[in-house]
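Undergrad: So here's work-v5.txt (compact mmCIF, C-alpha atoms).
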```txt
# COMPACT_ATOMS: atom_id res chain seq x y z
CA MET A 8 127.04 -1.37 -3.44
CA SER A 9 129.73 -2.73 -1.18
CA MET A 10 130.78 -0.99 1.97
CA ALA A 11 134.11 -0.12 0.34
CA ASP A 12 132.42 1.68 -2.60
CA ARG A 13 130.27 3.63 -0.27
CA LEU A 14 133.35 4.75 1.65
CA ASP A 15 135.03 5.74 -1.65
CA SER A 16 132.31 8.25 -2.45
CA SER A 17 132.43 9.66 1.06
CA PRO A 18 132.63 13.47 1.31
CA THR A 19 136.28 13.24 2.40
CA LYS A 20 137.18 11.23 -0.65
CA ARG A 21 135.33 13.63 -2.96
CA VAL A 22 137.08 16.63 -1.45
CA LYS A 23 140.39 14.87 -2.07
CA THR A 24 139.47 14.24 -5.73
CA LEU A 25 138.42 17.86 -6.18
CA GLU A 26 141.65 19.04 -4.60
CA ALA A 27 143.64 16.87 -7.00
CA GLN A 28 141.68 18.26 -9.96
CA ALA A 29 142.28 21.82 -8.79
CA ARG A 30 146.01 21.12 -8.50
CA GLU A 31 146.00 19.70 -12.00
CA ALA A 32 144.13 22.73 -13.38
CA GLN A 33 146.58 25.06 -11.63
CA GLN A 34 149.45 23.16 -13.19
CA THR A 35 147.87 23.45 -16.65
CA ILE A 36 147.43 27.22 -16.17
CA GLU A 37 151.09 27.56 -15.23
CA GLU A 38 152.18 25.53 -18.24
CA LEU A 39 150.04 27.65 -20.56
CA ARG A 40 151.44 30.84 -19.04
CA ALA A 41 154.98 29.56 -19.56
CA ARG A 42 154.20 28.71 -23.19
CA ASP A 43 152.60 32.10 -23.74
CA ALA A 44 155.71 33.80 -22.37
CA LEU A 45 157.83 31.66 -24.69
CA LYS A 46 155.69 32.64 -27.69
CA THR A 47 156.00 36.32 -26.75
CA GLN A 48 159.76 36.04 -26.39
CA PHE A 49 159.97 34.23 -29.74
CA LEU A 50 157.94 36.91 -31.53
CA SER A 51 160.04 39.60 -29.97
CA ASN A 52 163.36 37.95 -30.96
CA VAL A 53 162.25 37.12 -34.49
CA SER A 54 160.95 40.64 -35.06
CA HIS A 55 164.16 42.15 -33.80
CA ASP A 56 166.29 39.83 -35.93
CA LEU A 57 164.23 40.53 -39.06
CA ARG A 58 164.62 44.25 -38.58
CA THR A 59 168.41 44.31 -38.81
CA PRO A 60 168.96 42.87 -42.31
CA LEU A 61 165.94 44.85 -43.53
CA ALA A 62 167.53 48.03 -42.26
CA ALA A 63 170.63 47.18 -44.32
CA ILE A 64 168.57 46.43 -47.45
CA ILE A 65 166.66 49.70 -47.19
CA THR A 66 169.81 51.75 -46.61
CA HIS A 67 171.56 50.20 -49.63
CA ALA A 68 168.51 50.78 -51.82
CA GLU A 69 168.24 54.40 -50.65
CA ILE A 70 171.92 55.00 -51.46
CA LEU A 71 171.25 53.76 -55.00
CA ARG A 72 168.00 55.70 -55.35
CA GLU A 73 169.64 58.95 -54.28
CA GLY A 74 172.25 58.46 -57.01
CA MET A 75 175.11 58.47 -54.50
CA LEU A 76 176.88 55.71 -56.43
CA GLY A 77 176.08 57.14 -59.86
CA GLU A 78 172.99 58.47 -61.59
CA LEU A 79 170.18 56.00 -62.36
CA ASN A 80 167.80 56.18 -65.28
CA GLN A 81 164.09 56.51 -64.54
CA LYS A 82 163.33 52.77 -64.82
CA GLN A 83 166.18 51.89 -62.48
CA ARG A 84 165.08 54.54 -60.01
CA ASP A 85 161.48 53.27 -60.06
CA SER A 86 162.67 49.75 -59.42
CA VAL A 87 164.89 50.77 -56.50
CA THR A 88 162.06 52.92 -55.12
CA GLY A 89 159.97 49.73 -55.09
CA ILE A 90 162.62 48.01 -52.94
CA VAL A 91 162.60 50.92 -50.49
CA SER A 92 158.81 51.03 -50.14
CA GLY A 93 158.47 47.25 -49.88
CA GLY A 94 161.17 47.20 -47.21
CA GLN A 95 159.56 50.05 -45.34
CA GLN A 96 156.21 48.26 -45.37
CA LEU A 97 157.87 45.18 -43.87
CA ILE A 98 159.54 47.26 -41.17
CA ASP A 99 156.16 48.79 -40.28
CA MET A 100 154.61 45.33 -39.97
CA ILE A 101 157.47 44.08 -37.81
CA ASP A 102 157.14 47.16 -35.60
CA GLU A 103 153.45 46.45 -35.25
CA ILE A 104 154.25 42.92 -34.04
CA LEU A 105 156.84 44.26 -31.57
CA THR A 106 154.39 46.84 -30.26
CA TYR A 107 151.75 44.16 -29.84
CA VAL A 108 154.15 41.86 -27.97
CA ARG A 109 155.14 44.66 -25.62
CA SER A 110 151.62 45.93 -25.03
CA ALA A 111 150.31 42.41 -24.41
CA SER A 112 153.03 41.42 -21.97
CA ASP A 113 152.88 44.58 -19.85
CA GLN A 114 156.31 45.67 -21.01
CA VAL A 115 154.97 49.09 -21.82
CA ASN A 116 155.69 51.91 -19.42
CA LEU A 117 153.35 54.80 -19.99
CA VAL A 118 155.08 58.16 -20.13
CA ARG A 119 152.22 60.52 -19.36
CA THR A 120 152.28 64.22 -20.13
CA ASP A 121 149.62 66.91 -20.52
CA PHE A 122 148.82 67.49 -24.17
CA ASP A 123 146.21 68.85 -26.52
CA ILE A 124 144.40 65.88 -28.04
CA THR A 125 142.84 67.91 -30.87
CA GLU A 126 146.31 68.96 -31.97
CA LEU A 127 147.35 65.28 -31.91
CA VAL A 128 144.28 64.26 -33.93
CA ASP A 129 145.10 66.96 -36.50
CA GLN A 130 148.68 65.67 -36.68
CA VAL A 131 147.52 62.09 -37.34
CA ARG A 132 145.04 63.40 -39.94
CA THR A 133 147.86 65.19 -41.74
CA LEU A 134 150.03 62.06 -41.64
CA ASN A 135 147.23 60.06 -43.29
CA GLN A 136 146.20 62.74 -45.77
CA ALA A 137 148.20 61.36 -48.70
CA LEU A 138 146.85 57.84 -48.20
CA ALA A 139 143.27 59.13 -47.90
CA ALA A 140 143.66 61.37 -50.96
CA LYS A 141 144.55 58.33 -53.07
CA LYS A 142 141.02 57.02 -52.37
CA HIS A 143 139.42 60.48 -52.43
CA LEU A 144 138.44 60.14 -48.78
CA THR A 145 137.93 63.08 -46.46
CA ILE A 146 139.13 63.01 -42.84
CA GLU A 147 137.43 65.64 -40.71
CA ARG A 148 137.61 66.60 -37.07
CA LEU A 149 134.09 67.62 -36.09
CA ASN A 150 134.66 69.33 -32.72
CA GLY A 151 137.00 69.50 -29.72
CA ASP A 152 138.29 73.08 -29.77
CA ASP A 153 137.18 73.64 -26.17
CA LEU A 154 138.55 70.41 -24.68
CA PRO A 155 140.88 70.50 -21.68
CA GLN A 156 144.31 68.92 -22.05
CA VAL A 157 144.53 65.17 -21.45
CA TYR A 158 147.14 63.55 -19.21
CA ALA A 159 148.21 60.41 -21.08
CA ASP A 160 151.05 58.85 -23.06
CA ARG A 161 151.02 60.96 -26.23
CA ASP A 162 152.93 58.46 -28.40
CA LYS A 163 150.63 55.59 -27.40
CA ILE A 164 147.44 57.59 -28.04
CA LYS A 165 148.93 58.65 -31.38
CA HIS A 166 149.41 54.95 -32.15
CA VAL A 167 145.78 54.18 -31.25
CA LEU A 168 144.48 57.04 -33.44
CA GLY A 169 146.82 56.01 -36.26
CA ASN A 170 145.54 52.43 -36.19
CA LEU A 171 141.86 53.47 -36.08
CA ILE A 172 142.21 56.05 -38.85
CA GLY A 173 144.41 53.66 -40.88
CA ASN A 174 141.70 50.98 -40.65
CA ALA A 175 139.00 53.45 -41.60
CA ILE A 176 140.99 54.36 -44.73
CA LYS A 177 141.51 50.69 -45.54
CA PHE A 178 137.85 49.70 -45.20
CA THR A 179 136.10 52.74 -46.67
CA PRO A 180 135.50 52.70 -50.42
CA ASP A 181 136.59 55.54 -52.71
CA GLY A 182 134.99 58.88 -52.07
CA GLY A 183 133.94 58.03 -48.50
CA ARG A 184 134.00 60.02 -45.27
CA ILE A 185 136.04 59.57 -42.10
CA TRP A 186 135.49 61.73 -39.05
CA ILE A 187 136.82 62.16 -35.53
CA SER A 188 134.66 63.64 -32.81
CA PHE A 189 134.79 64.04 -29.04
CA SER A 190 132.25 63.91 -26.27
CA ARG A 191 132.46 63.90 -22.48
CA ARG A 192 130.63 61.72 -20.05
CA GLY A 193 130.89 60.40 -16.50
CA ARG A 194 129.77 62.07 -13.31
CA ASN A 195 131.72 65.31 -13.77
CA GLY A 196 132.36 64.94 -17.45
CA ASP A 197 135.74 63.53 -16.47
CA GLU A 198 135.76 60.84 -19.14
CA LEU A 199 136.63 61.76 -22.69
CA VAL A 200 135.10 59.68 -25.48
CA VAL A 201 136.94 59.79 -28.80
CA GLU A 202 135.08 58.56 -31.87
CA VAL A 203 136.66 57.56 -35.18
CA GLY A 204 133.85 56.97 -37.65
CA ASP A 205 133.55 56.12 -41.31
CA ASN A 206 130.84 55.39 -43.86
CA GLY A 207 132.65 52.29 -45.13
CA ARG A 208 131.71 48.65 -45.40
CA GLY A 209 130.87 48.16 -41.71
CA ILE A 210 131.20 45.16 -39.39
CA ALA A 211 128.55 42.57 -38.59
CA ARG A 212 127.42 42.54 -34.95
CA ALA A 213 128.72 38.97 -34.60
CA HIS A 214 132.22 40.28 -35.34
CA TYR A 215 132.29 43.22 -32.89
CA GLU A 216 134.48 41.29 -30.43
CA LEU A 217 136.45 39.36 -33.03
CA VAL A 218 137.98 42.45 -34.61
CA PHE A 219 139.77 43.31 -31.36
CA ARG A 220 141.30 39.85 -31.07
CA GLU A 221 144.94 39.44 -32.05
CA PHE A 222 145.65 38.00 -35.49
CA ALA A 223 141.89 37.92 -36.16
CA GLN A 224 140.55 39.28 -39.40
CA VAL A 225 136.94 39.02 -40.42
CA ASP A 226 138.20 37.77 -43.77
CA ALA A 227 141.34 35.77 -43.01
CA SER A 228 141.57 33.93 -46.34
CA PRO A 229 144.84 34.26 -48.27
CA SER A 230 142.89 35.96 -51.07
CA ARG A 231 141.43 38.58 -48.73
CA PRO A 232 141.56 42.06 -50.23
CA HIS A 233 142.98 43.74 -47.09
CA HIS A 234 146.28 42.48 -45.84
CA GLY A 235 147.92 43.33 -42.58
CA THR A 236 149.16 41.80 -39.37
CA GLY A 237 145.68 41.60 -37.86
CA LEU A 238 147.13 43.27 -34.78
CA GLY A 239 146.10 46.91 -35.17
CA LEU A 240 142.94 46.80 -33.10
CA ALA A 241 144.39 44.36 -30.53
CA ILE A 242 147.21 46.86 -29.98
CA ALA A 243 144.74 49.75 -29.80
CA ARG A 244 142.73 47.85 -27.18
CA ASN A 245 145.84 47.03 -25.10
CA LEU A 246 147.10 50.63 -25.22
CA VAL A 247 143.70 52.08 -24.31
CA GLU A 248 143.28 49.60 -21.44
CA LEU A 249 146.75 50.49 -20.13
CA HIS A 250 145.29 54.00 -19.73
CA SER A 251 142.30 52.53 -17.82
CA GLY A 252 140.09 53.32 -20.81
CA ARG A 253 137.70 51.22 -22.89
CA ILE A 254 137.43 50.65 -26.62
CA TRP A 255 134.47 49.34 -28.62
CA VAL A 256 132.77 49.48 -31.99
CA GLU A 257 129.24 50.22 -33.18
CA SER A 258 128.53 49.44 -36.78
CA GLU A 259 126.06 48.60 -39.44
CA LEU A 260 126.98 46.45 -42.41
CA GLY A 261 127.24 48.50 -45.58
CA LYS A 262 126.73 51.78 -43.73
CA GLY A 263 129.93 52.26 -41.78
CA SER A 264 131.64 51.79 -38.42
CA ARG A 265 132.15 53.99 -35.39
CA PHE A 266 135.04 53.10 -33.12
CA PHE A 267 135.04 54.67 -29.68
CA PHE A 268 137.66 54.81 -26.94
CA THR A 269 137.62 56.53 -23.59
CA LEU A 270 140.35 58.29 -21.67
CA PRO A 271 140.05 59.53 -18.11
CA LEU A 272 140.50 63.32 -18.16
CA ASN A 273 141.85 63.51 -14.63
CA PRO A 274 143.72 60.27 -13.96
CA PRO A 275 145.87 59.98 -10.84
CA ARG A 276 149.17 61.76 -11.40
CA ASP A 277 152.38 59.66 -11.46
CA MET B 13 190.44 66.86 -43.80
CA PRO B 14 187.22 64.82 -43.89
CA ALA B 15 185.43 64.29 -40.58
CA ARG B 16 185.95 60.87 -39.00
CA ILE B 17 182.84 58.82 -38.22
CA LEU B 18 182.97 55.75 -36.00
CA ILE B 19 180.15 53.24 -36.63
CA VAL B 20 179.51 51.04 -33.60
CA GLU B 21 177.17 48.29 -34.75
CA ASP B 22 177.25 44.52 -34.32
CA SER B 23 175.54 43.64 -37.60
CA PRO B 24 178.10 43.58 -40.44
CA LEU B 25 175.22 44.04 -42.90
CA VAL B 26 174.20 47.35 -41.36
CA THR B 27 177.83 48.46 -40.92
CA ASP B 28 178.54 47.78 -44.61
CA ALA B 29 175.50 49.77 -45.71
CA LEU B 30 176.46 52.72 -43.51
CA ARG B 31 180.09 52.51 -44.61
CA VAL B 32 179.04 52.77 -48.28
CA LEU B 33 176.78 55.71 -47.42
CA PHE B 34 179.31 57.71 -45.40
CA THR B 35 182.17 57.03 -47.80
CA ALA B 36 180.01 58.20 -50.71
CA ALA B 37 179.15 61.30 -48.68
CA GLY B 38 182.87 62.04 -48.27
CA TYR B 39 183.50 61.06 -44.66
CA GLU B 40 186.34 58.98 -43.25
CA VAL B 41 184.79 55.83 -41.78
CA ASP B 42 185.89 53.52 -38.99
CA ALA B 43 183.83 50.70 -37.49
CA ALA B 44 183.59 48.58 -34.35
CA ALA B 45 181.30 45.64 -33.56
CA SER B 46 181.50 45.46 -29.75
CA VAL B 47 181.86 47.67 -26.68
CA ALA B 48 185.52 46.62 -26.28
CA GLU B 49 186.35 47.28 -29.92
CA ALA B 50 184.51 50.62 -29.89
CA VAL B 51 186.44 51.80 -26.84
CA GLU B 52 189.72 50.78 -28.50
CA ARG B 53 188.86 52.46 -31.83
CA GLY B 54 187.47 55.53 -30.09
CA ALA B 55 190.57 56.00 -27.96
CA SER B 56 192.95 55.44 -30.89
CA GLY B 57 192.41 58.87 -32.41
CA PRO B 58 189.93 61.74 -32.36
CA VAL B 59 186.44 60.76 -33.53
CA ASP B 60 184.24 63.57 -34.81
CA LEU B 61 181.00 61.65 -34.67
CA MET B 62 180.05 58.25 -33.29
CA LEU B 63 176.99 56.36 -34.48
CA LEU B 64 176.22 54.07 -31.58
CA ASP B 65 174.04 50.95 -31.62
CA LEU B 66 172.66 50.22 -28.17
CA THR B 67 172.60 46.43 -28.35
CA LEU B 68 176.11 45.03 -28.56
CA PRO B 69 177.28 41.46 -27.93
CA ASP B 70 179.40 42.37 -24.88
CA GLY B 71 177.15 44.98 -23.33
CA ASN B 72 175.08 48.11 -23.74
CA GLY B 73 176.25 50.74 -26.21
CA LEU B 74 176.10 53.42 -23.54
CA GLU B 75 179.01 51.71 -21.77
CA VAL B 76 181.17 52.88 -24.67
CA LEU B 77 180.41 56.48 -23.75
CA ASP B 78 181.29 55.90 -20.08
CA ALA B 79 184.59 54.23 -20.97
CA LEU B 80 185.57 56.91 -23.50
CA ARG B 81 184.62 59.66 -21.07
CA SER B 82 186.92 58.23 -18.40
CA ARG B 83 189.73 58.19 -21.00
CA SER B 84 188.92 61.77 -22.04
CA SER B 85 188.36 60.49 -25.59
CA LEU B 86 184.69 61.33 -26.05
CA PRO B 87 183.73 61.94 -29.68
CA ARG B 88 182.58 65.48 -30.47
CA SER B 89 179.09 64.14 -30.95
CA THR B 90 177.29 60.81 -30.53
CA LEU B 91 174.08 59.70 -32.19
CA ALA B 92 172.47 56.59 -30.70
CA MET B 93 170.66 54.08 -32.92
CA THR B 94 168.12 51.65 -31.60
CA GLY B 95 165.93 48.93 -33.05
CA HIS B 96 162.96 49.76 -30.87
CA ASN B 97 161.19 52.89 -29.98
CA ASP B 98 160.76 53.12 -26.25
CA SER B 99 160.80 56.30 -24.27
CA GLY B 100 162.78 54.77 -21.37
CA SER B 101 165.84 53.96 -23.45
CA ARG B 102 165.53 57.30 -25.26
CA ARG B 103 165.79 59.12 -21.94
CA ARG B 104 168.78 57.04 -20.83
CA CYS B 105 170.61 57.84 -24.08
CA LEU B 106 170.02 61.57 -23.79
CA GLU B 107 171.10 61.51 -20.13
CA ALA B 108 174.26 59.62 -21.12
CA GLY B 109 175.18 62.42 -23.51
CA CYS B 110 173.87 61.31 -26.91
CA ALA B 111 172.84 64.21 -29.11
CA GLU B 112 170.08 62.25 -30.84
CA VAL B 113 168.35 58.89 -30.49
CA LEU B 114 167.46 57.44 -33.89
CA LEU B 115 165.20 54.54 -34.75
CA LYS B 116 166.76 52.11 -37.23
CA PRO B 117 166.59 52.27 -40.19
CA VAL B 118 167.05 56.02 -40.34
CA PRO B 119 166.15 57.37 -43.80
CA ILE B 120 169.52 58.31 -45.28
CA ALA B 121 168.60 61.90 -46.11
CA GLU B 122 167.65 62.41 -42.46
CA LEU B 123 170.79 60.66 -41.23
CA LEU B 124 173.11 62.75 -43.42
CA ARG B 125 171.29 65.92 -42.37
CA LEU B 126 171.70 65.13 -38.67
CA ILE B 127 175.35 64.21 -39.09
CA GLU B 128 176.05 67.48 -40.87
CA LEU B 129 174.16 69.35 -38.16
CA HIS B 130 176.14 67.79 -35.32
CA LEU B 131 179.48 68.12 -37.05
CA ALA B 132 178.97 71.84 -37.64
```
Can you turn what I pasted into structure tokens?
TA:
Amino acid sequence: MSMADRLDSSPTKRVKTLEAQAREAQQTIEELRARDALKTQFLSNVSHDLRTPLAAIITHAEILREGMLGELNQKQRDSVTGIVSGGQQLIDMIDEILTYVRSASDQVNLVRTDFDITELVDQVRTLNQALAAKKHLTIERLNGDDLPQVYADRDKIKHVLGNLIGNAIKFTPDGGRIWISFSRRGRNGDELVVEVGDNGRGIARAHYELVFREFAQVDASPSRPHHGTGLGLAIARNLVELHSGRIWVESELGKGSRFFFTLPLNPPRD
Amino acid sequence: MPARILIVEDSPLVTDALRVLFTAAGYEVDAAASVAEAVERGASGPVDLMLLDLTLPDGNGLEVLDALRSRSSLPRSTLAMTGHNDSGSRRRCLEAGCAEVLLKPVPIAELLRLIELHLA
């Protein structure tokens, strides 16, 4: 090795190389962040722009369905009803994308109030009753009558519960059971654990993390039986984490899944 | 005389749909697609009810309320419409004097019910 080579690999030289690599890595991180922000902005704009013409389509179809422009016969009414429900389903999916974009880019401001979480759970159960009844599923609340009020963003927690219960309905076969139960833990019992369980198809251990990832579906093939945005659990995770809580799943294939999330019972007041 | 409704909305598609709805329901309908146009239409004659989109090409829908208030031409009632549900903008609308904040698309039965309620 020549003297020059030996000097090249001197500590000073190596530090310089490492510094250059660190700068390069930093630059890559910044580029990726910029692209991520661009993607978020794009999703947000597209969702917003899709919503407007859909709103017009649904309104027109509702005007027809209600017979405001003349009475329809049964077949015509059924057909127009199909336009309304299809449109509404699209709006719901677009809203889910918008909620995800906001929750992932910290554009969500929590509006915390004190509320009764059992009352909220019962409300979400009622909202899902019709859907569950179609599959002869029961949705029970097992306990919680003696819980203190929680201080959290009611709408966001309602969204989390709606997504978890909605998934349970989707992935539990006819005649199955869905339940919601509460427990307390932590040093002074100041952490509330909410469980949404079902005796449905379950999730393999290898997929416990995957299901919370955005756009991820255990079965992502176009022929998959359960369609959706693949954002429900990613949104639930973001909204729970915004409340300084945690969300996770415990499951056994073929036996069912239990989703848990925590909420601090006495978070710092705004 | 039928009540006069002013639709302030920048999408002609949505305006058309609402115009068909309100006309069929027996209201007199006027429409504006920008803050400037809404202020001009609102000040041109008494408006019983204004349906106000918040996102307009030349500004925020709530500016229409400020401008009409300073001209003493506020509609009897204003219902805000928004494309996204966030509690911050809801609060701003209510503080600015809107009677309701509705998430688009509002089911028509609900919309007609609220309009009747606020016109009474």
Undergrad: Given all atoms listed in the file as the basis, pick out the residue of B:Pro117, B:Gly109, B:Gly54, B:Gly73 nearest to chain A.
TA: B:Pro117
Undergrad: May I ask for the distance between CA of Ile242 in chain A and CA of Gly204 in chain A, given in Å to one decimal place?
TA: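 The value is 18.4 Å.
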Undergrad: Please check the contacts: residues of chain B at most 7 Å away from chain A, using all atoms listed in the file, listed as a PyMOL selection string.
TA: chain B and resi 25-26+29+33+36+116-117+120
Undergrad: Using only C-alpha atoms for the distances, tell me which of B:Ala132, B:Arg53, B:Asn72, B:Val118 is nearest to Leu86 in chain B.
TA: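 Among B:Ala132, B:Arg53, B:Asn72, B:Val118, it is B:Arg53 that comes nearest to Leu86 in chain B.
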Undergrad: State, in Å with one decimal place, the distance from CA of Ser86 in chain A to CA of Ala121 in chain B.
TA: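 Separating CA of Ser86 in chain A from CA of Ala121 in chain B is a distance of 19.0 Å.
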Undergrad: Interatomic distance between CA of Asn52 in chain A and CA of Tyr107 in chain A?
TA: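 Going from CA of Asn52 in chain A over to CA of Tyr107 in chain A covers 13.2 Å.
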Undergrad: Rebuild range 107-134 of chain A so that it carries N, CA and C atoms, then output the result as a PDB file, in the coordinates of the input.
TA:
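Now in selection_29.pdb:
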```pdb
ATOM      1  N   TYR A 107     152.771  45.050 -30.399  1.00  0.00           N
ATOM      2  CA  TYR A 107     151.750  44.160 -29.840  1.00  0.00           C
ATOM      3  C   TYR A 107     152.339  43.322 -28.704  1.00  0.00           C
ATOM      4  N   VAL A 108     153.518  42.723 -28.965  1.00  0.00           N
ATOM      5  CA  VAL A 108     154.150  41.860 -27.970  1.00  0.00           C
ATOM      6  C   VAL A 108     154.372  42.627 -26.667  1.00  0.00           C
ATOM      7  N   ARG A 109     154.878  43.858 -26.816  1.00  0.00           N
ATOM      8  CA  ARG A 109     155.140  44.660 -25.620  1.00  0.00           C
ATOM      9  C   ARG A 109     153.848  45.024 -24.897  1.00  0.00           C
ATOM     10  N   SER A 110     152.834  45.461 -25.680  1.00  0.00           N
ATOM     11  CA  SER A 110     151.620  45.930 -25.030  1.00  0.00           C
ATOM     12  C   SER A 110     150.870  44.772 -24.387  1.00  0.00           C
ATOM     13  N   ALA A 111     151.033  43.554 -24.953  1.00  0.00           N
ATOM     14  CA  ALA A 111     150.310  42.410 -24.410  1.00  0.00           C
ATOM     15  C   ALA A 111     151.020  41.813 -23.207  1.00  0.00           C
ATOM     16  N   SER A 112     152.320  42.060 -23.073  1.00  0.00           N
ATOM     17  CA  SER A 112     153.030  41.420 -21.970  1.00  0.00           C
ATOM     18  C   SER A 112     153.417  42.441 -20.904  1.00  0.00           C
ATOM     19  N   ASP A 113     152.663  43.549 -20.875  1.00  0.00           N
ATOM     20  CA  ASP A 113     152.880  44.580 -19.850  1.00  0.00           C
ATOM     21  C   ASP A 113     154.303  45.098 -19.821  1.00  0.00           C
ATOM     22  N   GLN A 114     154.956  45.106 -20.983  1.00  0.00           N
ATOM     23  CA  GLN A 114     156.310  45.670 -21.010  1.00  0.00           C
ATOM     24  C   GLN A 114     156.285  47.134 -21.389  1.00  0.00           C
ATOM     25  N   VAL A 115     155.078  47.699 -21.415  1.00  0.00           N
ATOM     26  CA  VAL A 115     154.970  49.090 -21.820  1.00  0.00           C
ATOM     27  C   VAL A 115     154.896  49.974 -20.584  1.00  0.00           C
ATOM     28  N   ASN A 116     155.802  50.928 -20.491  1.00  0.00           N
ATOM     29  CA  ASN A 116     155.690  51.910 -19.420  1.00  0.00           C
ATOM     30  C   ASN A 116     155.089  53.169 -20.019  1.00  0.00           C
ATOM     31  N   LEU A 117     153.972  53.580 -19.468  1.00  0.00           N
ATOM     32  CA  LEU A 117     153.350  54.800 -19.990  1.00  0.00           C
ATOM     33  C   LEU A 117     154.154  56.006 -19.538  1.00  0.00           C
ATOM     34  N   VAL A 118     154.431  56.899 -20.483  1.00  0.00           N
ATOM     35  CA  VAL A 118     155.080  58.160 -20.130  1.00  0.00           C
ATOM     36  C   VAL A 118     154.038  59.241 -20.331  1.00  0.00           C
ATOM     37  N   ARG A 119     153.355  59.602 -19.228  1.00  0.00           N
ATOM     38  CA  ARG A 119     152.220  60.520 -19.360  1.00  0.00           C
ATOM     39  C   ARG A 119     152.674  61.972 -19.311  1.00  0.00           C
ATOM     40  N   THR A 120     152.074  62.774 -20.177  1.00  0.00           N
ATOM     41  CA  THR A 120     152.280  64.220 -20.130  1.00  0.00           C
ATOM     42  C   THR A 120     150.926  64.868 -20.401  1.00  0.00           C
ATOM     43  N   ASP A 121     150.837  66.180 -20.152  1.00  0.00           N
ATOM     44  CA  ASP A 121     149.620  66.910 -20.520  1.00  0.00           C
ATOM     45  C   ASP A 121     149.753  67.329 -21.966  1.00  0.00           C
ATOM     46  N   PHE A 122     148.750  67.023 -22.776  1.00  0.00           N
ATOM     47  CA  PHE A 122     148.820  67.490 -24.170  1.00  0.00           C
ATOM     48  C   PHE A 122     147.429  67.754 -24.721  1.00  0.00           C
ATOM     49  N   ASP A 123     147.437  68.450 -25.852  1.00  0.00           N
ATOM     50  CA  ASP A 123     146.210  68.850 -26.520  1.00  0.00           C
ATOM     51  C   ASP A 123     145.821  67.745 -27.500  1.00  0.00           C
ATOM     52  N   ILE A 124     144.739  67.043 -27.207  1.00  0.00           N
ATOM     53  CA  ILE A 124     144.400  65.880 -28.040  1.00  0.00           C
ATOM     54  C   ILE A 124     143.890  66.300 -29.427  1.00  0.00           C
ATOM     55  N   THR A 125     143.310  67.474 -29.539  1.00  0.00           N
ATOM     56  CA  THR A 125     142.840  67.910 -30.870  1.00  0.00           C
ATOM     57  C   THR A 125     144.039  68.164 -31.780  1.00  0.00           C
ATOM     58  N   GLU A 126     145.097  68.706 -31.182  1.00  0.00           N
ATOM     59  CA  GLU A 126     146.310  68.960 -31.970  1.00  0.00           C
ATOM     60  C   GLU A 126     146.882  67.620 -32.441  1.00  0.00           C
ATOM     61  N   LEU A 127     146.839  66.607 -31.550  1.00  0.00           N
ATOM     62  CA  LEU A 127     147.350  65.280 -31.910  1.00  0.00           C
ATOM     63  C   LEU A 127     146.498  64.660 -33.032  1.00  0.00           C
ATOM     64  N   VAL A 128     145.172  64.793 -32.896  1.00  0.00           N
ATOM     65  CA  VAL A 128     144.280  64.260 -33.930  1.00  0.00           C
ATOM     66  C   VAL A 128     144.601  64.924 -35.278  1.00  0.00           C
ATOM     67  N   ASP A 129     144.802  66.247 -35.244  1.00  0.00           N
ATOM     68  CA  ASP A 129     145.100  66.960 -36.500  1.00  0.00           C
ATOM     69  C   ASP A 129     146.421  66.477 -37.092  1.00  0.00           C
ATOM     70  N   GLN A 130     147.381  66.173 -36.210  1.00  0.00           N
ATOM     71  CA  GLN A 130     148.680  65.670 -36.680  1.00  0.00           C
ATOM     72  C   GLN A 130     148.505  64.312 -37.375  1.00  0.00           C
ATOM     73  N   VAL A 131     147.728  63.417 -36.743  1.00  0.00           N
ATOM     74  CA  VAL A 131     147.520  62.090 -37.340  1.00  0.00           C
ATOM     75  C   VAL A 131     146.717  62.215 -38.643  1.00  0.00           C
ATOM     76  N   ARG A 132     145.784  63.161 -38.691  1.00  0.00           N
ATOM     77  CA  ARG A 132     145.040  63.400 -39.940  1.00  0.00           C
ATOM     78  C   ARG A 132     145.998  63.799 -41.048  1.00  0.00           C
ATOM     79  N   THR A 133     146.893  64.735 -40.735  1.00  0.00           N
ATOM     80  CA  THR A 133     147.860  65.190 -41.740  1.00  0.00           C
ATOM     81  C   THR A 133     148.732  64.037 -42.223  1.00  0.00           C
ATOM     82  N   LEU A 134     149.170  63.195 -41.272  1.00  0.00           N
ATOM     83  CA  LEU A 134     150.030  62.060 -41.640  1.00  0.00           C
ATOM     84  C   LEU A 134     149.325  61.106 -42.600  1.00  0.00           C
TER      85      LEU A 134
END
```
